[in-house]
>>> print(open('data39.cif').read())   # mmCIF, C-alpha atoms (C1' of nucleotides)
data_entry
loop_
_atom_site.label_atom_id
_atom_site.label_comp_id
_atom_site.auth_asym_id
_atom_site.auth_seq_id
_atom_site.Cartn_x
_atom_site.Cartn_y
_atom_site.Cartn_z
CA MET A 1 -19.74 -12.09 -24.16
CA ALA A 2 -18.67 -8.60 -23.22
CA LYS A 3 -20.93 -5.64 -23.79
CA LYS A 4 -19.74 -3.86 -26.91
CA GLU A 5 -18.28 -0.48 -26.03
CA LYS A 6 -19.88 2.26 -28.06
CA VAL A 7 -17.32 4.49 -29.74
CA LYS A 8 -17.81 7.99 -28.47
CA HIS A 9 -17.98 10.83 -30.97
CA VAL A 10 -17.36 14.10 -29.22
CA ALA A 11 -19.79 15.93 -31.45
CA ASP A 12 -22.58 13.54 -30.55
CA MET A 13 -22.19 13.86 -26.79
CA SER A 14 -24.33 16.04 -24.64
CA THR A 15 -22.58 18.84 -22.80
CA GLU A 16 -22.99 16.98 -19.55
CA GLU A 17 -21.36 13.87 -21.01
CA LYS A 18 -18.53 15.93 -22.54
CA ILE A 19 -17.72 17.30 -19.11
CA LYS A 20 -17.80 13.86 -17.51
CA GLU A 21 -15.60 12.41 -20.23
CA ALA A 22 -13.07 15.22 -19.78
CA ALA A 23 -13.23 14.84 -16.00
CA ARG A 24 -12.55 11.10 -16.23
CA LYS A 25 -9.42 11.80 -18.22
CA VAL A 26 -8.01 14.69 -16.21
CA PHE A 27 -8.86 13.40 -12.73
CA THR A 28 -7.36 9.97 -13.38
CA GLN A 29 -4.21 11.41 -14.90
CA LYS A 30 -3.49 14.16 -12.39
CA GLY A 31 -5.45 13.23 -9.29
CA TYR A 32 -8.02 15.37 -7.48
CA ALA A 33 -5.73 17.92 -5.86
CA ALA A 34 -3.64 18.67 -8.95
CA THR A 35 -6.65 18.97 -11.23
CA ARG A 36 -7.98 22.44 -11.96
CA THR A 37 -11.56 22.83 -13.08
CA ARG A 38 -10.10 24.90 -15.93
CA ASP A 39 -8.20 21.85 -17.15
CA ILE A 40 -11.44 19.90 -17.37
CA ALA A 41 -13.30 22.73 -19.12
CA GLU A 42 -10.48 23.09 -21.64
CA GLU A 43 -10.30 19.33 -22.22
CA ALA A 44 -14.04 19.34 -22.85
CA GLY A 45 -13.79 22.36 -25.16
CA LEU A 46 -16.27 24.21 -23.01
CA ASN A 47 -16.55 27.12 -20.68
CA LEU A 48 -15.60 26.85 -17.03
CA ALA A 49 -18.99 28.08 -15.84
CA LEU A 50 -20.71 25.05 -17.33
CA LEU A 51 -19.02 22.72 -14.86
CA ASN A 52 -20.72 24.45 -11.98
CA TYR A 53 -23.97 24.70 -13.92
CA TYR A 54 -24.10 20.93 -14.39
CA PHE A 55 -22.29 19.59 -11.32
CA ARG A 56 -22.38 22.37 -8.70
CA SER A 57 -18.74 21.92 -7.63
CA LYS A 58 -15.43 20.26 -8.40
CA GLU A 59 -15.96 17.94 -5.46
CA LYS A 60 -19.41 16.74 -6.59
CA LEU A 61 -18.07 16.05 -10.08
CA PHE A 62 -15.15 14.15 -8.61
CA GLU A 63 -17.40 11.97 -6.47
CA ILE A 64 -19.40 10.95 -9.52
CA ILE A 65 -16.26 9.99 -11.44
CA MET A 66 -14.74 8.15 -8.48
CA LEU A 67 -17.91 6.13 -7.93
CA GLU A 68 -17.87 5.09 -11.60
CA LYS A 69 -14.20 4.13 -11.43
CA MET A 70 -14.58 2.07 -8.30
CA GLN A 71 -17.54 0.21 -9.76
CA LYS A 72 -15.50 -0.43 -12.88
CA PHE A 73 -12.57 -1.75 -10.88
CA PHE A 74 -14.55 -4.05 -8.60
CA SER A 75 -17.05 -5.22 -11.22
CA VAL A 76 -14.43 -7.63 -12.58
CA LEU A 77 -13.74 -9.12 -9.15
CA LEU A 78 -16.95 -9.37 -7.16
CA PRO A 79 -19.14 -11.43 -9.53
CA VAL A 80 -16.34 -13.97 -10.01
CA ILE A 81 -15.57 -14.34 -6.34
CA ASN A 82 -19.08 -15.35 -5.37
CA ASN A 83 -19.84 -17.62 -8.29
CA ALA A 84 -20.76 -21.01 -6.84
CA ALA A 85 -20.58 -22.71 -10.22
CA THR A 86 -16.88 -22.31 -11.07
CA THR A 87 -13.78 -24.05 -9.74
CA LEU A 88 -10.97 -22.32 -7.89
CA GLU A 89 -8.79 -22.56 -11.00
CA GLY A 90 -11.60 -21.16 -13.13
CA LYS A 91 -11.97 -18.18 -10.83
CA VAL A 92 -8.26 -17.42 -10.91
CA GLU A 93 -8.25 -17.55 -14.70
CA ALA A 94 -11.26 -15.28 -14.91
CA ILE A 95 -9.84 -12.73 -12.47
CA ALA A 96 -6.46 -12.61 -14.20
CA SER A 97 -7.97 -12.35 -17.64
CA ASN A 98 -10.58 -9.78 -16.66
CA TYR A 99 -8.12 -7.51 -14.90
CA ILE A 100 -5.53 -7.62 -17.63
CA VAL A 101 -8.10 -6.77 -20.27
CA LEU A 102 -9.57 -3.98 -18.15
CA LEU A 103 -6.25 -2.45 -17.13
CA THR A 104 -4.71 -2.66 -20.58
CA THR A 105 -7.28 -0.11 -21.70
CA ASN A 106 -7.40 1.68 -18.31
CA PRO A 107 -3.84 1.54 -16.96
CA ASP A 108 -4.31 4.52 -14.62
CA LEU A 109 -7.37 3.08 -12.91
CA PRO A 110 -5.78 1.30 -9.90
CA LEU A 111 -3.26 3.98 -8.97
CA PHE A 112 -6.03 6.56 -9.19
CA ILE A 113 -8.29 4.68 -6.79
CA LEU A 114 -5.51 3.65 -4.42
CA SER A 115 -3.98 7.09 -4.05
CA GLU A 116 -7.26 8.98 -3.78
CA VAL A 117 -8.55 6.56 -1.15
CA ARG A 118 -5.27 6.94 0.70
CA HIS A 119 -5.58 10.72 0.73
CA ASN A 120 -9.26 10.74 1.58
CA PRO A 121 -10.61 7.41 2.91
CA GLU A 122 -14.13 8.85 3.10
CA ILE A 123 -14.58 8.75 -0.67
CA PHE A 124 -14.43 4.95 -0.62
CA ILE A 125 -18.04 3.94 -1.22
CA LYS A 126 -19.40 0.76 0.27
CA ILE A 127 -18.80 -1.94 -2.32
CA ALA A 128 -20.82 -4.55 -0.48
CA GLN A 129 -23.25 -4.86 2.41
CA ASN A 130 -20.71 -5.68 5.08
CA LYS A 131 -17.01 -5.91 5.76
CA THR A 132 -16.83 -9.70 5.85
CA PHE A 133 -18.18 -10.42 2.36
CA LEU A 134 -14.65 -11.09 1.11
CA GLN A 135 -13.87 -13.48 3.94
CA ASP A 136 -17.31 -15.08 3.48
CA SER A 137 -16.97 -15.46 -0.28
CA PHE A 138 -17.06 -18.73 -2.18
CA PHE A 139 -13.55 -18.06 -3.41
CA VAL A 140 -12.13 -17.86 0.10
CA LYS A 141 -13.96 -21.05 1.07
CA GLN A 142 -12.48 -22.88 -1.90
CA ILE A 143 -8.97 -21.73 -0.99
CA HIS A 144 -9.48 -22.75 2.61
CA LYS A 145 -10.67 -26.20 1.54
CA LYS A 146 -7.60 -26.69 -0.64
CA ARG A 147 -5.10 -25.33 1.88
CA PRO A 148 -6.51 -25.18 5.43
CA ASP A 149 -3.04 -24.25 6.68
CA CYS A 150 -2.91 -20.96 4.76
CA ASN A 151 -4.72 -17.66 5.29
CA PRO A 152 -6.88 -17.25 2.16
CA LEU A 153 -6.46 -13.48 2.27
CA GLN A 154 -2.73 -13.94 1.73
CA PHE A 155 -3.51 -15.80 -1.45
CA LEU A 156 -6.14 -13.31 -2.65
CA VAL A 157 -3.86 -10.33 -2.00
CA SER A 158 -1.05 -12.04 -3.93
CA LEU A 159 -3.35 -12.80 -6.83
CA LEU A 160 -4.51 -9.20 -7.02
CA ALA A 161 -0.91 -8.06 -6.65
CA MET A 162 0.21 -10.09 -9.64
CA CYS A 163 -2.66 -8.80 -11.77
CA VAL A 164 -2.73 -5.16 -10.72
CA PHE A 165 0.73 -4.17 -9.51
CA PRO A 166 2.44 -4.27 -12.93
CA PHE A 167 0.10 -1.49 -14.08
CA VAL A 168 0.66 0.45 -10.87
CA MET A 169 4.43 0.35 -11.26
CA LYS A 170 4.38 0.83 -15.03
CA PRO A 171 5.67 4.44 -14.97
CA VAL A 172 8.50 3.47 -12.63
CA LEU A 173 9.27 0.31 -14.60
CA GLN A 174 9.60 2.34 -17.78
CA LYS A 175 12.04 4.65 -16.04
CA MET A 176 14.14 1.73 -14.82
CA THR A 177 14.18 -0.51 -17.89
CA ASP A 178 14.14 -0.04 -21.64
CA ILE A 179 10.82 -1.78 -22.20
CA ASN A 180 8.46 0.15 -24.44
CA GLU A 181 4.67 0.12 -24.71
CA ALA A 182 4.63 -2.91 -27.02
CA ASP A 183 6.92 -4.92 -24.73
CA PHE A 184 4.77 -4.08 -21.74
CA HIS A 185 1.63 -5.06 -23.58
CA LYS A 186 3.17 -8.41 -24.54
CA MET A 187 4.22 -9.06 -20.96
CA MET A 188 0.70 -8.41 -19.72
CA LEU A 189 -0.79 -10.73 -22.32
CA ALA A 190 1.62 -13.45 -21.23
CA ARG A 191 0.47 -12.89 -17.64
CA LYS A 192 -3.01 -14.11 -18.48
CA THR A 193 -1.61 -17.64 -18.68
CA LEU A 194 1.32 -17.15 -16.32
CA ILE A 195 -0.76 -16.13 -13.31
CA PRO A 196 -2.98 -19.26 -13.29
CA VAL A 197 0.11 -21.46 -13.63
CA TRP A 198 1.98 -19.67 -10.87
CA THR A 199 -0.92 -19.47 -8.42
CA LYS A 200 -1.64 -23.14 -8.95
CA ALA A 201 1.98 -23.89 -8.01
CA MET A 202 1.64 -21.65 -4.94
CA LEU A 203 -1.36 -23.63 -3.72
CA LYS A 204 0.63 -26.84 -4.00
CA ALA A 205 3.81 -25.46 -2.46
CA LYS A 206 5.76 -27.21 0.26
CA MET B 1 22.98 -6.14 11.39
CA ALA B 2 20.84 -3.12 10.63
CA LYS B 3 22.05 0.36 11.43
CA LYS B 4 20.39 1.43 14.64
CA GLU B 5 17.89 4.21 14.00
CA LYS B 6 18.53 7.14 16.26
CA VAL B 7 15.39 8.25 18.07
CA LYS B 8 14.68 11.82 17.10
CA HIS B 9 13.90 14.32 19.83
CA VAL B 10 12.18 17.31 18.33
CA ALA B 11 13.83 19.67 20.76
CA ASP B 12 17.26 18.47 19.71
CA MET B 13 16.75 18.96 16.00
CA SER B 14 17.97 21.94 14.05
CA THR B 15 15.31 24.09 12.43
CA GLU B 16 16.31 22.78 9.02
CA GLU B 17 15.88 19.19 10.19
CA LYS B 18 12.55 20.01 11.85
CA ILE B 19 11.27 21.29 8.53
CA LYS B 20 12.51 18.26 6.63
CA GLU B 21 10.98 15.90 9.18
CA ALA B 22 7.63 17.69 8.92
CA ALA B 23 7.87 17.73 5.13
CA ARG B 24 8.53 13.99 5.04
CA LYS B 25 5.39 13.37 7.03
CA VAL B 26 3.03 15.75 5.24
CA PHE B 27 4.24 15.13 1.68
CA THR B 28 4.04 11.36 2.01
CA GLN B 29 0.61 11.50 3.61
CA LYS B 30 -1.07 14.03 1.32
CA GLY B 31 1.05 14.10 -1.82
CA TYR B 32 2.70 17.13 -3.39
CA ALA B 33 -0.37 18.84 -4.84
CA ALA B 34 -2.55 18.58 -1.74
CA THR B 35 0.20 19.70 0.62
CA ARG B 36 0.24 23.35 1.67
CA THR B 37 3.48 24.85 2.86
CA ARG B 38 1.44 26.08 5.81
CA ASP B 39 0.72 22.43 6.77
CA ILE B 40 4.43 21.71 6.87
CA ALA B 41 5.20 24.81 8.90
CA GLU B 42 2.47 23.97 11.39
CA GLU B 43 3.61 20.33 11.65
CA ALA B 44 7.13 21.57 12.35
CA GLY B 45 5.87 24.08 14.91
CA LEU B 46 7.53 26.87 12.98
CA ASN B 47 6.73 29.86 10.89
CA LEU B 48 5.92 29.63 7.21
CA ALA B 49 8.65 32.07 6.25
CA LEU B 50 11.33 29.71 7.49
CA LEU B 51 10.52 27.18 4.78
CA ASN B 52 11.48 29.65 2.11
CA TYR B 53 14.45 30.85 4.11
CA TYR B 54 15.91 27.32 4.26
CA PHE B 55 14.63 25.74 1.05
CA ARG B 56 13.70 28.60 -1.31
CA SER B 57 10.46 26.97 -2.48
CA LYS B 58 7.94 24.20 -1.93
CA GLU B 59 9.21 22.49 -5.06
CA LYS B 60 12.88 22.44 -3.96
CA LEU B 61 11.92 21.04 -0.57
CA PHE B 62 9.82 18.38 -2.25
CA GLU B 63 12.67 17.33 -4.54
CA ILE B 64 14.93 16.79 -1.53
CA ILE B 65 12.34 14.64 0.23
CA MET B 66 11.53 12.65 -2.90
CA LEU B 67 15.20 11.92 -3.54
CA GLU B 68 15.56 10.62 0.01
CA LYS B 69 12.44 8.47 -0.30
CA MET B 70 13.51 6.94 -3.59
CA GLN B 71 16.93 6.11 -2.24
CA LYS B 72 15.30 4.54 0.79
CA PHE B 73 12.99 2.45 -1.36
CA PHE B 74 15.61 1.20 -3.80
CA SER B 75 18.40 0.75 -1.28
CA VAL B 76 16.81 -2.52 -0.15
CA LEU B 77 16.64 -3.87 -3.70
CA LEU B 78 19.69 -2.81 -5.66
CA PRO B 79 22.51 -4.17 -3.44
CA VAL B 80 20.79 -7.56 -3.20
CA ILE B 81 20.14 -7.86 -6.91
CA ASN B 82 23.76 -7.49 -7.90
CA ASN B 83 25.29 -9.58 -5.18
CA ALA B 84 27.36 -12.29 -6.88
CA ALA B 85 27.83 -14.23 -3.66
CA THR B 86 24.24 -15.23 -2.84
CA THR B 87 21.91 -17.81 -4.35
CA LEU B 88 18.65 -17.03 -6.09
CA GLU B 89 16.75 -18.27 -3.05
CA GLY B 90 18.92 -16.18 -0.77
CA LYS B 91 18.17 -13.07 -2.81
CA VAL B 92 14.43 -13.67 -2.71
CA GLU B 93 14.54 -14.12 1.06
CA ALA B 94 16.57 -10.95 1.50
CA ILE B 95 14.30 -8.86 -0.74
CA ALA B 96 11.10 -10.09 0.94
CA SER B 97 12.49 -9.60 4.41
CA ASN B 98 14.02 -6.20 3.69
CA TYR B 99 10.88 -4.80 2.07
CA ILE B 100 8.53 -6.04 4.75
CA VAL B 101 10.71 -4.58 7.49
CA LEU B 102 11.07 -1.28 5.64
CA LEU B 103 7.40 -0.92 4.70
CA THR B 104 6.10 -1.95 8.11
CA THR B 105 7.64 1.23 9.48
CA ASN B 106 7.06 3.21 6.25
CA PRO B 107 3.75 1.99 4.85
CA ASP B 108 3.12 5.11 2.75
CA LEU B 109 6.47 4.96 0.98
CA PRO B 110 5.55 3.01 -2.18
CA LEU B 111 2.24 4.71 -2.93
CA PHE B 112 3.94 8.06 -2.44
CA ILE B 113 6.68 7.29 -4.98
CA LEU B 114 4.40 5.56 -7.46
CA SER B 115 1.77 8.26 -7.55
CA GLU B 116 4.17 11.20 -7.62
CA VAL B 117 6.19 9.62 -10.44
CA ARG B 118 2.95 8.98 -12.29
CA HIS B 119 1.92 12.62 -11.99
CA ASN B 120 5.35 14.00 -12.79
CA PRO B 121 7.76 11.48 -14.36
CA GLU B 122 10.55 14.06 -14.39
CA ILE B 123 11.06 13.82 -10.64
CA PHE B 124 12.24 10.22 -10.99
CA ILE B 125 15.96 10.50 -10.44
CA LYS B 126 18.33 8.14 -12.16
CA ILE B 127 18.74 5.20 -9.84
CA ALA B 128 21.54 3.60 -11.84
CA GLN B 129 23.88 4.39 -14.72
CA ASN B 130 21.74 2.97 -17.49
CA LYS B 131 18.33 1.51 -18.23
CA THR B 132 19.52 -2.07 -18.63
CA PHE B 133 21.06 -2.58 -15.21
CA LEU B 134 18.02 -4.53 -14.05
CA GLN B 135 18.09 -6.81 -17.09
CA ASP B 136 21.87 -7.13 -16.72
CA SER B 137 21.74 -7.91 -13.01
CA PHE B 138 23.00 -11.08 -11.40
CA PHE B 139 19.50 -11.79 -10.17
CA VAL B 140 18.05 -11.81 -13.67
CA LYS B 141 20.87 -14.06 -14.88
CA GLN B 142 20.16 -16.52 -12.09
CA ILE B 143 16.47 -16.60 -12.95
CA HIS B 144 17.24 -17.09 -16.62
CA LYS B 145 19.57 -19.96 -15.83
CA LYS B 146 16.92 -21.70 -13.75
CA ARG B 147 14.06 -21.09 -16.17
CA PRO B 148 15.27 -20.14 -19.67
CA ASP B 149 11.68 -20.38 -20.89
CA CYS B 150 10.43 -17.53 -18.71
CA ASN B 151 10.94 -13.77 -18.93
CA PRO B 152 12.88 -12.91 -15.75
CA LEU B 153 11.18 -9.52 -15.55
CA GLN B 154 7.85 -11.29 -15.11
CA PHE B 155 9.27 -13.01 -12.06
CA LEU B 156 10.89 -9.88 -10.64
CA VAL B 157 7.70 -7.86 -11.06
CA SER B 158 5.70 -10.57 -9.32
CA LEU B 159 8.15 -10.73 -6.47
CA LEU B 160 7.99 -6.97 -5.96
CA ALA B 161 4.22 -7.13 -6.29
CA MET B 162 3.93 -9.68 -3.49
CA CYS B 163 6.21 -7.65 -1.21
CA VAL B 164 4.96 -4.14 -1.95
CA PHE B 165 1.35 -4.33 -3.12
CA PRO B 166 -0.16 -5.30 0.24
CA PHE B 167 1.07 -1.99 1.64
CA VAL B 168 -0.18 -0.09 -1.40
CA MET B 169 -3.65 -1.55 -1.07
CA LYS B 170 -3.73 -1.40 2.73
CA PRO B 171 -6.19 1.52 2.95
CA VAL B 172 -8.54 -0.18 0.49
CA LEU B 173 -8.13 -3.55 2.18
CA GLN B 174 -9.09 -2.03 5.51
CA LYS B 175 -12.24 -0.59 3.93
CA MET B 176 -13.19 -3.96 2.44
CA THR B 177 -12.39 -6.32 5.30
CA ASP B 178 -12.45 -6.19 9.08
CA ILE B 179 -8.73 -6.71 9.56
CA ASN B 180 -7.17 -4.24 11.96
CA GLU B 181 -3.62 -2.97 12.32
CA ALA B 182 -2.48 -5.97 14.36
CA ASP B 183 -3.95 -8.47 11.88
CA PHE B 184 -2.29 -6.68 8.99
CA HIS B 185 1.04 -6.66 10.79
CA LYS B 186 0.78 -10.38 11.45
CA MET B 187 -0.03 -11.06 7.81
CA MET B 188 3.02 -9.12 6.68
CA LEU B 189 5.26 -10.97 9.09
CA ALA B 190 3.95 -14.27 7.75
CA ARG B 191 4.75 -13.06 4.23
CA LYS B 192 8.45 -13.05 5.02
CA THR B 193 8.40 -16.84 4.90
CA LEU B 194 5.44 -17.21 2.55
CA ILE B 195 7.00 -15.29 -0.34
CA PRO B 196 10.16 -17.43 -0.57
CA VAL B 197 8.06 -20.60 -0.46
CA TRP B 198 5.63 -19.35 -3.10
CA THR B 199 8.24 -17.95 -5.48
CA LYS B 200 10.22 -21.18 -5.26
CA ALA B 201 7.09 -23.05 -6.31
CA MET B 202 6.55 -20.59 -9.17
CA LEU B 203 10.03 -21.27 -10.51
CA LYS B 204 9.33 -24.99 -10.53
CA ALA B 205 5.84 -24.68 -11.99
CA LYS B 206 4.59 -26.82 -14.88
"C1'" DG C 1 -27.97 26.50 -22.07
"C1'" DT C 2 -23.78 28.95 -22.80
"C1'" DC C 3 -20.93 32.72 -22.43
"C1'" DT C 4 -17.99 36.91 -20.13
"C1'" DA C 5 -16.71 39.16 -16.19
"C1'" DT C 6 -15.83 39.22 -11.52
"C1'" DA C 7 -16.20 38.18 -6.72
"C1'" DA C 8 -14.08 35.75 -2.80
"C1'" DG C 9 -10.67 33.21 -0.84
"C1'" DG C 10 -6.59 30.25 -0.77
"C1'" DG C 11 -1.79 29.61 -0.96
"C1'" DG C 12 3.30 30.45 -2.21
"C1'" DA C 13 6.56 33.66 -1.56
"C1'" DT C 14 8.83 37.89 0.42
"C1'" DA C 15 9.80 42.49 2.96
"C1'" DG C 16 11.24 44.14 6.86
"C1'" DA C 17 11.14 44.38 12.08
"C1'" DC C 18 13.38 42.23 15.89
"C1'" DG D 1 17.68 33.13 12.48
"C1'" DT D 2 12.90 33.87 13.35
"C1'" DC D 3 8.78 36.31 13.35
"C1'" DT D 4 4.48 39.30 11.53
"C1'" DA D 5 2.31 41.37 7.94
"C1'" DT D 6 1.48 41.57 3.29
"C1'" DC D 7 1.78 40.97 -1.74
"C1'" DC D 8 -0.05 38.86 -5.69
"C1'" DC D 9 -1.25 35.25 -8.49
"C1'" DC D 10 -4.14 31.39 -9.11
"C1'" DT D 11 -8.44 28.88 -8.56
"C1'" DT D 12 -13.21 27.96 -7.50
"C1'" DA D 13 -17.56 29.57 -7.81
"C1'" DT D 14 -21.22 32.78 -9.22
"C1'" DA D 15 -23.79 36.89 -11.27
"C1'" DG D 16 -25.79 38.41 -15.09
"C1'" DA D 17 -25.86 39.24 -20.25
"C1'" DC D 18 -27.24 36.87 -24.39
#
>>> encode(input="data39.cif", output="structure tokens")
Amino acid sequence: MAKKEKVKHVADMSTEEKIKEAARKVFTQKGYAATRTRDIAEEAGLNLALLNYYFRSKEKLFEIIMLEKMQKFFSVLLPVINNAATTLEGKVEAIASNYIVLLTTNPDLPLFILSEVRHNPEIFIKIAQNKTFLQDSFFVKQIHKKRPDCNPLQFLVSLLAMCVFPFVMKPVLQKMTDINEADFHKMMLARKTLIPVWTKAMLKAK
Amino acid sequence: MAKKEKVKHVADMSTEEKIKEAARKVFTQKGYAATRTRDIAEEAGLNLALLNYYFRSKEKLFEIIMLEKMQKFFSVLLPVINNAATTLEGKVEAIASNYIVLLTTNPDLPLFILSEVRHNPEIFIKIAQNKTFLQDSFFVKQIHKKRPDCNPLQFLVSLLAMCVFPFVMKPVLQKMTDINEADFHKMMLARKTLIPVWTKAMLKAK
DNA sequence: GTCTATAAGGGGATAGAC
DNA sequence: GTCTATCCCCTTATAGAC
């Protein structure tokens, strides 16, 4: 069962937490470069000087927020991928469901991480001990066993694409079609069952 | 047969074209907000004042580049989607092949468009007459005919996801795995045949 | 801890010489 | 058309009062 999210009352938050909450919002919406520390101070209902009092600089504050966001994004993937107790199908269902729940309430999360990492690769913190943990994961082994003729990374990338990309292209999709928020939400809910069905078919293809 | 790209010799380009070429590079790499007009001038090997002489402002220059980039991105999708003469399978093959060729030489293109549109939706120029042209397209009709029980947009989004998302997540993928440029290139080439096979299986699923 | 005022520098745009 | 020098606003960061 998921940890119950505490509702945040602005009045109850410490000044430090008010700043972080404002920074989360502004940084993810506008990106690092377009964000002014004034925007964050205003969003927090506080004075500009307090940002430097608590966090020393815009950059330090950003690093804290980015670290949080990356942990949030990968926390729905990494535990699933290395679970020895679940089937391949079970893992796919869990990943699809987890991501769609997470991104429905945090639609800006992936584009934020992807574009900031693109513009400054150094801010990407090490998510695991080494660079082969994905290739060494249980998930990859299970894919390889099922389809030795197919590169498991191709499958994993496609799975992530189907879960994450709709949220990444949401602003563009809304410019190109007449789907509204409710329609989009319904589509994403339907994906929770669609993705397992489709990926299963992919693994049986040809 | 594709139009042969003329190799650009810097010395042969007009000053205006030098600036645009530099702007293409710097804007797509760093994004609008993080780009300084001085970066563009330096990249072009020219003086800062010339940017304003030719383009009036950073914003005007950006709009020109963005328009070009959006046309480039959608020019591989729109003609295919409304072609009455090709099969569904033929369209999928064309879209996958076109995007992988385009993005192999322009890997930053999608993340550039997606993040700039996210940060300023107004810069998205109208790509077609109305907002239902996607839903009204031949492609969507063909999908609907094959699978009346499935929302064609779900399929289209997944297809685009499988073509485009690998390039969007490339910087992150390179941080998380040990694949190098050559490996990535090979994977994308393999996708040209993998995507048609996989999407065909999806349309037959369950 | 929180505020006001200001320092210090960056960055877009332009004036004016050539 | 192209350059140098400069203007001026905006932004980050800090000093110092309360």
>>> closest_residue(input="data39.cif", among="A:Val140, A:Ala201, A:Ile123, A:Leu109", to="Val164 of chain A", atoms="all atoms listed in the file")
A:Leu109
>>> interface_residues(input="data39.cif", of="chain A", to="chain B", cutoff="6 Å", atoms="all atoms listed in the file", output="MDAnalysis selection string")
chainID A and resid 30 33:34 118:119 131:132 158 161:162 165 171 176:178 198 201:202 205
>>> resolve_selection(input="data39.cif", expression="the PyMOL selection byres ((chain A) within 10 of (chain D))", output="MDAnalysis selection string")
chainID A and resid 36:38 48:49 51:53 56:58
>>> closest_atom_pairs(input="data39.cif", of="chain C", to="chain B", cutoff="9 Å", atoms="all atoms listed in the file", output="Markdown table")
| residue | atom | partner | partner_atom | distance |
| --- | --- | --- | --- | --- |
| C:DG11 | C1' | B:Arg36 | CA | 7.1 |
| C:DG12 | C1' | B:Thr37 | CA | 7.6 |
| C:DA13 | C1' | B:Asn52 | CA | 7.3 |
| C:DT14 | C1' | B:Ala49 | CA | 8.2 |
>>> atom_distance(input="data39.cif", atom1="atom C1' of DG9 of chain C", atom2="atom CA of Arg24 of chain B")
27.8 Å
>>> build_atoms(input="data39.cif", residues="segment 131-142 of chain A", atoms="N, CA and C atoms", output="PDB file, keeping the file's coordinate frame")
ATOM      1  N   LYS A 131     -18.453  -5.832   5.906  1.00  0.00           N
ATOM      2  CA  LYS A 131     -17.010  -5.910   5.760  1.00  0.00           C
ATOM      3  C   LYS A 131     -16.464  -7.331   5.763  1.00  0.00           C
ATOM      4  N   THR A 132     -17.345  -8.322   5.841  1.00  0.00           N
ATOM      5  CA  THR A 132     -16.830  -9.700   5.850  1.00  0.00           C
ATOM      6  C   THR A 132     -17.196 -10.452   4.571  1.00  0.00           C
ATOM      7  N   PHE A 133     -17.741  -9.722   3.574  1.00  0.00           N
ATOM      8  CA  PHE A 133     -18.180 -10.420   2.360  1.00  0.00           C
ATOM      9  C   PHE A 133     -17.002 -11.070   1.641  1.00  0.00           C
ATOM     10  N   LEU A 134     -15.818 -10.468   1.739  1.00  0.00           N
ATOM     11  CA  LEU A 134     -14.650 -11.090   1.110  1.00  0.00           C
ATOM     12  C   LEU A 134     -14.305 -12.391   1.827  1.00  0.00           C
ATOM     13  N   GLN A 135     -14.195 -12.300   3.158  1.00  0.00           N
ATOM     14  CA  GLN A 135     -13.870 -13.480   3.940  1.00  0.00           C
ATOM     15  C   GLN A 135     -14.948 -14.560   3.831  1.00  0.00           C
ATOM     16  N   ASP A 136     -16.204 -14.123   3.586  1.00  0.00           N
ATOM     17  CA  ASP A 136     -17.310 -15.080   3.480  1.00  0.00           C
ATOM     18  C   ASP A 136     -17.513 -15.604   2.065  1.00  0.00           C
ATOM     19  N   SER A 137     -16.720 -15.138   1.128  1.00  0.00           N
ATOM     20  CA  SER A 137     -16.970 -15.460  -0.280  1.00  0.00           C
ATOM     21  C   SER A 137     -16.679 -16.925  -0.593  1.00  0.00           C
ATOM     22  N   PHE A 138     -17.291 -17.387  -1.667  1.00  0.00           N
ATOM     23  CA  PHE A 138     -17.060 -18.730  -2.180  1.00  0.00           C
ATOM     24  C   PHE A 138     -15.583 -18.960  -2.464  1.00  0.00           C
ATOM     25  N   PHE A 139     -14.966 -17.975  -3.040  1.00  0.00           N
ATOM     26  CA  PHE A 139     -13.550 -18.060  -3.410  1.00  0.00           C
ATOM     27  C   PHE A 139     -12.684 -18.382  -2.200  1.00  0.00           C
ATOM     28  N   VAL A 140     -12.909 -17.648  -1.121  1.00  0.00           N
ATOM     29  CA  VAL A 140     -12.130 -17.860   0.100  1.00  0.00           C
ATOM     30  C   VAL A 140     -12.381 -19.266   0.661  1.00  0.00           C
ATOM     31  N   LYS A 141     -13.640 -19.700   0.590  1.00  0.00           N
ATOM     32  CA  LYS A 141     -13.960 -21.050   1.070  1.00  0.00           C
ATOM     33  C   LYS A 141     -13.231 -22.114   0.265  1.00  0.00           C
ATOM     34  N   GLN A 142     -13.172 -21.912  -1.035  1.00  0.00           N
ATOM     35  CA  GLN A 142     -12.480 -22.880  -1.900  1.00  0.00           C
ATOM     36  C   GLN A 142     -10.977 -22.928  -1.607  1.00  0.00           C
TER      37      GLN A 142
END
